[in-house]
>>> print(open('structure.txt').read())   # compact mmCIF, C-alpha atoms and all ligand atoms
# COMPACT_ATOMS: atom_id res chain seq x y z
CA MET A 9 55.64 108.91 36.90
CA GLY A 10 56.28 110.18 33.37
CA PRO A 11 55.24 108.75 30.02
CA THR A 12 54.57 105.09 29.21
CA LEU A 13 55.49 103.25 26.02
CA LYS A 14 53.74 100.31 24.41
CA ILE A 15 56.05 97.34 23.87
CA SER A 16 55.16 93.98 22.31
CA HIS A 17 56.63 90.81 20.78
CA ARG A 18 56.94 90.26 17.04
CA THR A 19 55.34 87.02 15.86
CA LYS A 20 56.40 84.80 12.95
CA ASP A 21 53.60 86.10 10.72
CA GLY A 22 54.82 89.69 11.24
CA GLY A 23 52.14 90.54 13.79
CA THR A 24 52.63 91.41 17.45
CA ALA A 25 51.63 89.67 20.67
CA TYR A 26 51.40 90.34 24.39
CA PRO A 27 51.46 94.15 24.29
CA VAL A 28 52.31 95.87 27.57
CA HIS A 29 52.63 99.49 28.69
CA ILE A 30 55.99 100.19 30.30
CA PRO A 31 56.87 103.36 32.24
CA GLN A 32 59.57 104.92 30.06
CA PHE A 33 61.47 106.12 33.11
CA GLY A 34 62.58 103.90 35.99
CA LEU A 35 65.07 103.29 38.78
CA GLY A 36 68.07 101.00 38.23
CA VAL A 37 69.40 99.20 41.30
CA PHE A 38 72.71 97.77 40.06
CA LEU A 39 75.28 98.22 42.87
CA ALA A 40 72.58 99.09 45.41
CA PRO A 41 73.57 96.66 48.17
CA ALA A 42 71.02 94.52 49.99
CA ASP A 43 71.91 96.02 53.37
CA GLY A 44 68.87 98.26 53.38
CA THR A 45 70.37 100.54 50.71
CA CYS A 46 68.42 98.99 47.85
CA LYS A 47 65.16 98.91 49.80
CA ASN A 48 65.49 102.57 50.83
CA ALA A 49 66.33 103.63 47.28
CA CYS A 50 63.22 101.84 45.97
CA LEU A 51 61.02 103.33 48.71
CA TRP A 52 62.30 106.87 48.11
CA ALA A 53 61.84 106.41 44.38
CA ILE A 54 58.30 105.06 44.65
CA LYS A 55 57.38 107.86 47.06
CA ALA A 56 58.76 110.42 44.60
CA GLY A 57 56.67 108.93 41.78
CA TYR A 58 58.83 106.26 40.11
CA ARG A 59 56.77 103.25 39.02
CA HIS A 60 59.42 101.11 37.30
CA ILE A 61 62.32 99.30 39.00
CA ASP A 62 65.05 97.47 37.11
CA THR A 63 66.84 94.73 39.06
CA ALA A 64 68.55 91.44 38.15
CA ALA A 65 69.41 88.14 39.81
CA VAL A 66 73.08 89.06 39.57
CA TYR A 67 72.54 92.28 41.59
CA ARG A 68 71.61 90.14 44.61
CA ASN A 69 69.00 92.60 45.79
CA GLU A 70 65.73 91.18 44.45
CA GLU A 71 64.52 90.47 48.03
CA GLU A 72 64.90 94.12 48.97
CA VAL A 73 63.06 95.23 45.84
CA GLY A 74 60.27 92.86 46.91
CA GLN A 75 60.25 94.26 50.46
CA ALA A 76 60.04 97.81 49.11
CA ILE A 77 57.08 96.86 46.90
CA VAL A 78 55.19 95.62 49.96
CA GLU A 79 56.24 98.47 52.27
CA SER A 80 55.44 101.15 49.68
CA GLY A 81 51.75 100.35 50.00
CA ILE A 82 51.38 100.98 46.26
CA ASP A 83 49.15 98.52 44.44
CA ARG A 84 51.19 95.91 42.58
CA SER A 85 49.32 96.70 39.38
CA GLU A 86 50.73 100.24 39.43
CA LEU A 87 54.34 99.06 39.56
CA PHE A 88 56.45 97.72 36.71
CA ILE A 89 59.20 95.33 37.82
CA THR A 90 62.00 94.14 35.54
CA THR A 91 64.47 91.43 36.43
CA LYS A 92 66.98 89.35 34.49
CA LEU A 93 68.33 85.84 34.00
CA ARG A 94 72.04 85.83 34.87
CA ARG A 95 74.27 85.12 31.89
CA VAL A 96 75.97 82.23 33.67
CA ASP A 97 72.53 80.73 34.39
CA ALA A 98 71.39 80.89 30.76
CA LEU A 99 72.25 77.22 30.25
CA GLY A 100 69.11 75.63 28.86
CA TYR A 101 65.32 75.28 28.95
CA GLN A 102 64.79 73.90 32.47
CA GLU A 103 67.51 76.05 34.04
CA THR A 104 65.87 79.19 32.65
CA LEU A 105 62.45 78.21 34.02
CA ASP A 106 63.97 77.38 37.41
CA ARG A 107 65.95 80.64 37.68
CA CYS A 108 62.82 82.64 36.80
CA ASP A 109 60.93 80.89 39.61
CA GLU A 110 63.78 81.71 42.01
CA SER A 111 63.68 85.39 41.07
CA LEU A 112 59.90 85.47 41.56
CA GLN A 113 60.31 83.87 44.96
CA LYS A 114 62.96 86.40 46.00
CA LEU A 115 60.84 89.29 44.77
CA GLY A 116 57.78 87.81 46.48
CA LEU A 117 55.82 88.14 43.23
CA ASP A 118 53.61 85.86 41.13
CA PHE A 119 54.84 87.54 37.96
CA VAL A 120 57.33 90.14 36.80
CA ASP A 121 56.41 92.73 34.23
CA LEU A 122 59.54 92.17 32.17
CA TYR A 123 62.03 89.30 32.24
CA LEU A 124 65.30 89.66 30.33
CA VAL A 125 68.15 87.41 29.26
CA HIS A 126 70.96 89.49 30.79
CA ALA A 127 73.38 88.88 27.91
CA PRO A 128 73.59 86.46 24.96
CA PRO A 129 74.25 83.02 26.49
CA GLU A 130 77.95 82.26 26.08
CA ASN A 131 77.25 78.73 24.90
CA LYS A 132 75.69 79.36 21.51
CA SER A 133 74.06 75.94 21.44
CA SER A 134 71.94 76.80 24.50
CA ARG A 135 70.48 80.01 23.05
CA LYS A 136 67.52 78.38 21.29
CA ASP A 137 66.44 76.46 24.41
CA VAL A 138 66.87 79.47 26.67
CA TRP A 139 64.60 81.55 24.44
CA ARG A 140 62.05 78.70 24.19
CA ALA A 141 61.89 78.80 28.01
CA MET A 142 61.52 82.60 27.93
CA GLU A 143 58.55 82.12 25.59
CA GLU A 144 57.09 79.59 28.00
CA ILE A 145 57.52 82.15 30.82
CA LEU A 146 55.62 84.69 28.71
CA GLU A 147 52.81 82.29 27.77
CA SER A 148 52.43 81.05 31.35
CA GLY A 149 52.04 84.63 32.64
CA LYS A 150 55.12 84.55 34.89
CA ALA A 151 56.32 87.56 32.90
CA ARG A 152 54.04 90.04 31.14
CA ALA A 153 56.83 90.70 28.64
CA ILE A 154 60.18 89.11 27.78
CA GLY A 155 63.27 90.59 26.24
CA VAL A 156 67.02 90.61 25.97
CA SER A 157 69.94 92.71 27.09
CA ASN A 158 73.32 93.36 25.56
CA TYR A 159 72.31 91.75 22.24
CA GLY A 160 74.15 92.91 19.12
CA PRO A 161 72.51 92.98 15.66
CA HIS A 162 73.70 89.42 14.89
CA HIS A 163 72.32 88.09 18.19
CA LEU A 164 68.93 89.66 17.45
CA GLU A 165 68.88 88.16 13.94
CA GLU A 166 69.78 84.73 15.26
CA LEU A 167 67.09 84.95 17.95
CA LEU A 168 64.38 85.97 15.48
CA GLU A 169 65.19 83.00 13.24
CA ASN A 170 64.49 80.64 16.12
CA SER A 171 61.56 82.19 17.92
CA ASN A 172 57.78 82.39 18.02
CA TYR A 173 57.95 85.74 19.80
CA GLY A 174 60.66 88.35 19.33
CA PRO A 175 62.06 90.31 22.27
CA SER A 176 59.99 93.28 23.47
CA VAL A 177 63.10 95.22 24.50
CA ASN A 178 66.86 95.15 24.08
CA GLN A 179 68.45 96.68 27.19
CA ILE A 180 71.79 98.15 26.11
CA GLU A 181 74.30 100.70 27.28
CA ILE A 182 73.23 103.98 25.71
CA HIS A 183 74.06 107.53 26.72
CA LEU A 184 75.32 110.82 25.32
CA TRP A 185 78.83 109.42 24.97
CA LEU A 186 77.71 106.10 23.41
CA GLN A 187 74.81 106.81 21.08
CA ARG A 188 75.08 103.61 18.98
CA PRO A 189 72.78 104.50 16.05
CA TYR A 190 73.45 101.13 14.30
CA LEU A 191 72.42 99.16 17.40
CA ILE A 192 69.31 101.28 17.96
CA LYS A 193 68.33 100.63 14.33
CA ALA A 194 68.89 96.87 14.65
CA THR A 195 66.94 96.81 17.92
CA ARG A 196 63.96 98.64 16.44
CA ASN A 197 64.11 96.47 13.28
CA SER A 198 63.73 93.38 15.48
CA GLY A 199 60.51 94.81 16.92
CA ALA A 200 62.16 95.55 20.27
CA ALA A 201 62.23 98.88 22.10
CA PRO A 202 65.66 100.21 23.09
CA MET A 203 66.09 100.33 26.88
CA ALA A 204 69.03 102.58 27.81
CA TYR A 205 71.10 101.39 30.74
CA SER A 206 73.85 103.45 32.40
CA PRO A 207 72.38 106.73 31.08
CA LEU A 208 75.01 108.53 33.21
CA ALA A 209 77.79 106.23 31.97
CA ARG A 210 77.84 104.73 35.50
CA GLY A 211 78.45 108.20 36.92
CA GLN A 212 81.74 108.39 35.03
CA LYS A 213 80.63 111.32 32.89
CA VAL A 214 78.58 113.55 35.20
CA ASN A 215 81.68 115.71 35.68
CA ASP A 216 82.36 116.01 31.96
CA GLU A 217 83.48 119.62 31.43
CA LYS A 218 81.43 120.19 28.28
CA LEU A 219 78.32 118.87 30.05
CA ILE A 220 78.93 120.98 33.13
CA SER A 221 79.29 124.18 31.12
CA LEU A 222 76.09 123.37 29.20
CA SER A 223 74.25 122.64 32.44
CA LYS A 224 75.30 126.01 33.88
CA GLU A 225 74.03 127.73 30.75
CA LEU A 226 70.67 125.93 30.96
CA GLY A 227 70.30 126.14 34.75
CA ILE A 228 69.80 122.39 35.19
CA THR A 229 72.12 119.64 36.43
CA PRO A 230 74.48 117.57 34.23
CA ALA A 231 72.64 114.34 35.12
CA GLN A 232 69.31 115.88 34.13
CA ILE A 233 70.62 116.72 30.66
CA ALA A 234 72.01 113.21 30.17
CA ILE A 235 68.79 111.53 31.33
CA LYS A 236 66.45 113.80 29.39
CA TRP A 237 68.46 113.25 26.21
CA CYS A 238 67.81 109.47 26.49
CA MET A 239 64.12 110.08 27.18
CA ASP A 240 63.83 112.46 24.21
CA GLN A 241 65.23 109.77 21.90
CA GLY A 242 62.28 107.59 22.98
CA TYR A 243 64.41 105.13 24.96
CA ILE A 244 63.25 103.46 28.16
CA THR A 245 65.68 105.04 30.65
CA ILE A 246 66.71 103.64 34.04
CA PRO A 247 69.27 105.77 35.93
CA LYS A 248 70.50 104.34 39.21
CA SER A 249 70.84 106.30 42.40
CA ALA A 250 70.74 105.22 46.02
CA ASN A 251 70.71 108.84 47.19
CA GLN A 252 67.33 110.39 47.94
CA MET A 253 68.18 113.85 46.60
CA ARG A 254 69.62 112.46 43.38
CA ILE A 255 66.66 110.08 42.95
CA ILE A 256 64.40 113.17 42.98
CA GLU A 257 66.80 115.21 40.83
CA ASN A 258 66.79 112.45 38.20
CA LEU A 259 63.00 112.21 38.16
CA ASN A 260 62.77 115.99 37.77
CA SER A 261 64.72 115.71 34.52
CA LEU A 262 61.39 114.69 32.94
CA GLU A 263 60.18 118.27 33.38
CA ILE A 264 63.02 119.98 31.49
CA GLU A 265 63.06 120.84 27.81
CA LEU A 266 66.10 120.55 25.58
CA ASP A 267 65.84 122.77 22.52
CA GLU A 268 67.08 122.00 19.00
CA LYS A 269 70.32 123.93 19.46
CA THR A 270 71.13 121.97 22.63
CA ASN A 271 70.28 118.68 20.94
CA LEU A 272 72.68 119.47 18.12
CA ILE A 273 75.45 120.10 20.65
CA LEU A 274 74.59 116.87 22.51
CA LYS A 275 74.78 114.82 19.31
CA GLY A 276 78.43 115.84 19.19
CA PHE A 277 79.12 114.25 22.61
CA ASP A 278 79.21 110.75 21.08
CA GLU A 279 82.65 109.18 21.52
CA ASP A 280 81.86 105.44 21.57
CA TYR A 281 82.54 105.38 25.29
CA ILE A 282 81.75 102.04 26.94
CA SER A 283 81.48 102.48 30.71
CA GLY A 284 80.94 98.84 31.60
CA TRP A 285 80.91 95.56 29.68
CA ASN A 286 80.06 95.04 26.01
CA PRO A 287 78.68 91.57 25.19
CA THR A 288 76.98 93.01 22.07
CA VAL A 289 80.17 92.23 20.14
CA ASP A 290 80.53 88.65 21.41
CA PRO A 291 80.14 85.85 18.84
N1 LIG B 1 71.74 94.96 31.46
C1 LIG B 1 72.95 95.30 31.83
O1 LIG B 1 73.95 94.66 31.50
C2 LIG B 1 73.10 96.51 32.70
C3 LIG B 1 74.38 97.05 32.93
C4 LIG B 1 74.49 98.19 33.72
C5 LIG B 1 73.35 98.78 34.24
N2 LIG B 1 72.12 98.22 34.03
C6 LIG B 1 70.89 98.81 34.62
O2 LIG B 1 70.86 100.21 34.37
C7 LIG B 1 70.85 100.90 35.61
C8 LIG B 1 71.58 102.21 35.49
O3 LIG B 1 72.93 102.01 35.10
P1 LIG B 1 74.19 102.13 36.09
O4 LIG B 1 73.74 101.87 37.47
O5 LIG B 1 75.26 101.27 35.52
O6 LIG B 1 74.70 103.60 35.91
P2 LIG B 1 74.08 105.07 35.78
O7 LIG B 1 72.65 105.09 36.09
O8 LIG B 1 74.54 105.59 34.49
O9 LIG B 1 74.91 105.83 36.91
C9 LIG B 1 74.81 105.50 38.26
C10 LIG B 1 75.89 106.25 39.01
O10 LIG B 1 75.68 107.65 38.90
C11 LIG B 1 75.49 108.24 40.20
N3 LIG B 1 74.39 109.21 40.07
C12 LIG B 1 73.07 108.97 39.95
N4 LIG B 1 72.37 110.09 39.83
C13 LIG B 1 73.27 111.11 39.87
C14 LIG B 1 73.14 112.51 39.80
N5 LIG B 1 71.97 113.09 39.66
N6 LIG B 1 74.29 113.25 39.87
C15 LIG B 1 75.50 112.65 40.01
N7 LIG B 1 75.67 111.32 40.08
C16 LIG B 1 74.57 110.54 40.01
C17 LIG B 1 75.12 107.10 41.11
O11 LIG B 1 75.56 107.34 42.43
P3 LIG B 1 74.54 107.40 43.68
O12 LIG B 1 73.83 106.07 43.75
O13 LIG B 1 75.43 107.65 44.84
O14 LIG B 1 73.59 108.54 43.40
C18 LIG B 1 75.91 105.94 40.49
O15 LIG B 1 77.25 105.99 40.92
C19 LIG B 1 71.48 99.92 36.59
O16 LIG B 1 71.26 100.27 37.93
C20 LIG B 1 70.84 98.63 36.14
O17 LIG B 1 69.51 98.55 36.61
C21 LIG B 1 71.99 97.11 33.25
>>> encode(input="structure.txt", output="structure tokens")
Amino acid sequence: MGPTLKISHRTKDGGTAYPVHIPQFGLGVFLAPADGTCKNACLWAIKAGYRHIDTAAVYRNEEEVGQAIVESGIDRSELFITTKLRRVDALGYQETLDRCDESLQKLGLDFVDLYLVHAPPENKSSRKDVWRAMEEILESGKARAIGVSNYGPHHLEELLENSNYGPSVNQIEIHLWLQRPYLIKATRNSGAAPMAYSPLARGQKVNDEKLISLSKELGITPAQIAIKWCMDQGYITIPKSANQMRIIENLNSLEIELDEKTNLILKGFDEDYISGWNPTVDP
């Protein structure tokens, strides 16, 4: 299952609260349709040794994640399940509580391990109430940890000014081609752990020529280099695949070692390449 990391929430007095161990490596299920594809991907992953699944209300596959949890036969306590509040649902206090309950119902769970605000709520005036509800979700035990996604440095600052508990993670697009040192620094300064989504740039960069030639030299696959680089930076890393062979290939990246020379080359891959959306720059 790979290493775990300790995450927690910064308190107003500078302490930390609600610490949780999170498997650093997990399966993403964005664009894994709920026609059996998502369930199979989760089952293959759990069988291979994955213990962390990252879903979201907006992916419309929480039910299948829940079915896979039951069918896997693995004890709930051994699995780490992350889901997210849709941006368009981040409207206020009660709406946030209600959407969390809906996700729990779809997943068939009493609690999730990590609940995230999918992106900074578009209506700035609702942000304080949304986070107050997230804190309520944490205190009530419906989530063992709470966090954010796609927050830029200014969003994190604003959140910390108005919170009792800071976010335990900031899930952001991070990969070899988008290394974002300033955002990593701001995330860590807020007390949150960086959680790297789209570590393969949504599959758009696995055929990158430079990466392919490096992978031939090292005798490993391009995806394995990209995933292991994220892991070696200490980021929680959640590649998506719905293909059994690739699910195993991605997990096996944990076994490879990238030496200093390779890491120096990989640092040079950064080209500020956004593969999806970028709400971190929103007001
Ligand atoms: N918070 C957010 O806003 C946000 C945004 C995006 C993603 N995420 C999360 O992060 C997860 C991962 O990101 P992502 O799904 O955008 O992209 P990704 O993990 O970077 O890439 C997934 C793509 O790469 C392909 N792939 C996977 N393993 C491969 C391999 N070994 N060799 C070649 N191709 C491979 C997959 O196809 P196959 O399935 O056919 O293997 C899929 O097309 C998501 O599933 C989601 O959980 C969060």
>>> residues_around(input="structure.txt", residues="Asn69 in chain A", least_positions_apart="6", cutoff="10 Å", atoms="all atoms listed in the file", output="ChimeraX atom specification")
/A:37-47,63,114-115
>>> closest_residue(input="structure.txt", among="A:Met9, A:Phe277, A:Lys236, A:Ala194", to="Lys213 in chain A", atoms="all atoms listed in the file")
A:Phe277
>>> closest_residue(input="structure.txt", among="A:Leu262, A:Ile228, A:Ala127, A:Ile273", to="ligand LIG 1 (chain B)", atoms="all atoms listed in the file")
A:Ala127
>>> atom_distance(input="structure.txt", atom1="CA of Pro287 in chain A", atom2="CA of Ile255 in chain A")
28.3 Å
>>> closest_atom_pairs(input="structure.txt", of="chain A", to="ligand LIG 1 (chain B)", cutoff="6 Å", atoms="all atoms listed in the file", output="tab-separated table")
residue	atom	partner	partner_atom	distance
A:Gly36	CA	B:LIG1	O17	3.3
A:Val37	CA	B:LIG1	O16	4.0
A:Phe38	CA	B:LIG1	O16	3.6
A:Asp62	CA	B:LIG1	O17	4.6
A:Thr63	CA	B:LIG1	O17	5.3
A:His126	CA	B:LIG1	N1	5.6
A:Ser157	CA	B:LIG1	N1	5.2
A:Gln179	CA	B:LIG1	N1	5.7
A:Tyr205	CA	B:LIG1	O2	3.8
A:Ser206	CA	B:LIG1	O8	3.1
A:Pro207	CA	B:LIG1	O8	4.2
A:Leu208	CA	B:LIG1	O8	3.2
A:Ala209	CA	B:LIG1	O8	4.2
A:Arg210	CA	B:LIG1	O6	3.4
A:Gly211	CA	B:LIG1	O10	3.4
A:Val214	CA	B:LIG1	C15	5.8
A:Ala231	CA	B:LIG1	N5	4.8
A:Ile246	CA	B:LIG1	C7	5.2
A:Pro247	CA	B:LIG1	O7	3.5
A:Lys248	CA	B:LIG1	O7	3.9
A:Ser249	CA	B:LIG1	O12	3.3
A:Ala250	CA	B:LIG1	O12	3.9
A:Asn251	CA	B:LIG1	O14	4.8
A:Arg254	CA	B:LIG1	N5	4.4
A:Glu257	CA	B:LIG1	N5	5.7
A:Asn258	CA	B:LIG1	N5	5.4
>>> residues_around(input="structure.txt", residues="Thr24 in chain A", least_positions_apart="5", cutoff="12 Å", atoms="all atoms listed in the file", output="list in words")
Lys14, Ile15, Ser16, His17, Arg18, Thr19, Ala153, Asn172, Tyr173, Gly174, Pro175, Ser176, Ser198, Gly199 and Ala200 of chain A
>>> atom_distance(input="structure.txt", atom1="CA of Ser80 in chain A", atom2="CA of Trp52 in chain A")
9.1 Å
>>> atom_distance(input="structure.txt", atom1="CA of Ile61 in chain A", atom2="CA of Gln75 in chain A")
12.7 Å
>>> closest_residue(input="structure.txt", among="A:Gln232, A:Thr245, A:Ser133, A:Ser111", to="Ile264 in chain A", atoms="all atoms listed in the file")
A:Gln232
>>> residues_around(input="structure.txt", residues="range 139-144 of chain A", least_positions_apart="6", cutoff="7 Å", atoms="all atoms listed in the file", output="VMD selection string")
chain A and resid 101 104 to 105 154 173
>>> residues_around(input="structure.txt", residues="Gln102 in chain A", least_positions_apart="4", cutoff="9 Å", atoms="only C-alpha atoms", output="ChimeraX atom specification")
/A:106-107,137-138,141
>>> closest_residue(input="structure.txt", among="A:Ala151, A:Leu168, A:Leu146, A:Met203", to="Ala25 in chain A", atoms="only C-alpha atoms")
A:Leu146
>>> closest_residue(input="structure.txt", among="A:Ile220, A:Cys108, A:Leu51, A:Leu184", to="Leu272 in chain A", atoms="all atoms listed in the file")
A:Leu184
>>> decode(input="structure.txt", residues="range 229-253 of chain A", atoms="N, CA, C and O atoms", output="mmCIF file, in the first residue's frame")
data_model
loop_
_atom_site.group_PDB
_atom_site.id
_atom_site.type_symbol
_atom_site.label_atom_id
_atom_site.label_comp_id
_atom_site.auth_asym_id
_atom_site.auth_seq_id
_atom_site.Cartn_x
_atom_site.Cartn_y
_atom_site.Cartn_z
ATOM 1 N N THR A 229 8.505 2.573 -16.920
ATOM 2 C CA THR A 229 7.579 3.213 -17.860
ATOM 3 C C THR A 229 7.509 4.723 -17.611
ATOM 4 O O THR A 229 7.813 5.198 -16.507
ATOM 5 N N PRO A 230 7.072 5.492 -18.630
ATOM 6 C CA PRO A 230 6.956 6.944 -18.454
ATOM 7 C C PRO A 230 6.052 7.311 -17.269
ATOM 8 O O PRO A 230 6.389 8.184 -16.470
ATOM 9 N N ALA A 231 4.913 6.609 -17.150
ATOM 10 C CA ALA A 231 3.976 6.925 -16.059
ATOM 11 C C ALA A 231 4.636 6.693 -14.705
ATOM 12 O O ALA A 231 4.432 7.467 -13.755
ATOM 13 N N GLN A 232 5.442 5.636 -14.620
ATOM 14 C CA GLN A 232 6.085 5.333 -13.333
ATOM 15 C C GLN A 232 7.047 6.441 -12.914
ATOM 16 O O GLN A 232 7.117 6.791 -11.731
ATOM 17 N N ILE A 233 7.741 7.021 -13.887
ATOM 18 C CA ILE A 233 8.653 8.128 -13.546
ATOM 19 C C ILE A 233 7.839 9.318 -13.031
ATOM 20 O O ILE A 233 8.157 9.916 -11.999
ATOM 21 N N ALA A 234 6.764 9.640 -13.752
ATOM 22 C CA ALA A 234 5.964 10.818 -13.392
ATOM 23 C C ALA A 234 5.331 10.652 -11.998
ATOM 24 O O ALA A 234 5.292 11.602 -11.206
ATOM 25 N N ILE A 235 4.854 9.454 -11.718
ATOM 26 C CA ILE A 235 4.206 9.201 -10.415
ATOM 27 C C ILE A 235 5.244 9.219 -9.291
ATOM 28 O O ILE A 235 5.044 9.861 -8.252
ATOM 29 N N LYS A 236 6.371 8.536 -9.536
ATOM 30 C CA LYS A 236 7.369 8.445 -8.459
ATOM 31 C C LYS A 236 7.963 9.816 -8.152
ATOM 32 O O LYS A 236 8.287 10.123 -7.006
ATOM 33 N N TRP A 237 8.074 10.663 -9.172
ATOM 34 C CA TRP A 237 8.583 12.015 -8.916
ATOM 35 C C TRP A 237 7.675 12.731 -7.903
ATOM 36 O O TRP A 237 8.153 13.340 -6.942
ATOM 37 N N CYS A 238 6.347 12.650 -8.109
ATOM 38 C CA CYS A 238 5.401 13.282 -7.162
ATOM 39 C C CYS A 238 5.561 12.692 -5.763
ATOM 40 O O CYS A 238 5.589 13.419 -4.768
ATOM 41 N N MET A 239 5.664 11.370 -5.688
ATOM 42 C CA MET A 239 5.814 10.705 -4.390
ATOM 43 C C MET A 239 7.106 11.168 -3.706
ATOM 44 O O MET A 239 7.106 11.456 -2.506
ATOM 45 N N ASP A 240 8.191 11.258 -4.486
ATOM 46 C CA ASP A 240 9.487 11.638 -3.905
ATOM 47 C C ASP A 240 9.498 13.077 -3.387
ATOM 48 O O ASP A 240 10.307 13.430 -2.525
ATOM 49 N N GLN A 241 8.600 13.909 -3.925
ATOM 50 C CA GLN A 241 8.505 15.288 -3.403
ATOM 51 C C GLN A 241 7.735 15.315 -2.081
ATOM 52 O O GLN A 241 7.573 16.365 -1.468
ATOM 53 N N GLY A 242 7.145 14.171 -1.717
ATOM 54 C CA GLY A 242 6.369 14.103 -0.467
ATOM 55 C C GLY A 242 4.906 14.433 -0.664
ATOM 56 O O GLY A 242 4.174 14.637 0.314
ATOM 57 N N TYR A 243 4.443 14.484 -1.915
ATOM 58 C CA TYR A 243 3.045 14.826 -2.173
ATOM 59 C C TYR A 243 2.162 13.580 -2.118
ATOM 60 O O TYR A 243 2.562 12.505 -2.571
ATOM 61 N N ILE A 244 0.946 13.740 -1.600
ATOM 62 C CA ILE A 244 -0.060 12.692 -1.721
ATOM 63 C C ILE A 244 -0.359 12.619 -3.226
ATOM 64 O O ILE A 244 -0.521 13.665 -3.870
ATOM 65 N N THR A 245 -0.402 11.418 -3.787
ATOM 66 C CA THR A 245 -0.407 11.272 -5.249
ATOM 67 C C THR A 245 -1.492 10.281 -5.660
ATOM 68 O O THR A 245 -1.531 9.162 -5.156
ATOM 69 N N ILE A 246 -2.379 10.715 -6.582
ATOM 70 C CA ILE A 246 -3.592 9.919 -6.862
ATOM 71 C C ILE A 246 -3.837 9.715 -8.359
ATOM 72 O O ILE A 246 -4.841 10.177 -8.913
ATOM 73 N N PRO A 247 -2.930 8.983 -9.052
ATOM 74 C CA PRO A 247 -3.167 8.758 -10.480
ATOM 75 C C PRO A 247 -4.459 7.990 -10.728
ATOM 76 O O PRO A 247 -4.825 7.128 -9.924
ATOM 77 N N LYS A 248 -5.106 8.313 -11.832
ATOM 78 C CA LYS A 248 -6.325 7.591 -12.219
ATOM 79 C C LYS A 248 -5.997 6.579 -13.311
ATOM 80 O O LYS A 248 -5.284 6.884 -14.272
ATOM 81 N N SER A 249 -6.518 5.385 -13.169
ATOM 82 C CA SER A 249 -6.598 4.480 -14.299
ATOM 83 C C SER A 249 -7.797 3.582 -14.083
ATOM 84 O O SER A 249 -8.121 3.221 -12.955
ATOM 85 N N ALA A 250 -8.440 3.229 -15.185
ATOM 86 C CA ALA A 250 -9.544 2.267 -15.118
ATOM 87 C C ALA A 250 -9.125 0.969 -15.792
ATOM 88 O O ALA A 250 -9.951 0.120 -16.090
ATOM 89 N N ASN A 251 -7.814 0.854 -16.043
ATOM 90 C CA ASN A 251 -7.272 -0.318 -16.734
ATOM 91 C C ASN A 251 -6.447 -1.137 -15.740
ATOM 92 O O ASN A 251 -5.548 -0.611 -15.090
ATOM 93 N N GLN A 252 -6.773 -2.429 -15.637
ATOM 94 C CA GLN A 252 -6.159 -3.235 -14.569
ATOM 95 C C GLN A 252 -4.629 -3.262 -14.656
ATOM 96 O O GLN A 252 -3.944 -3.134 -13.642
ATOM 97 N N MET A 253 -4.098 -3.409 -15.881
ATOM 98 C CA MET A 253 -2.642 -3.470 -16.029
ATOM 99 C C MET A 253 -1.996 -2.151 -15.606
ATOM 100 O O MET A 253 -0.962 -2.127 -14.949
#
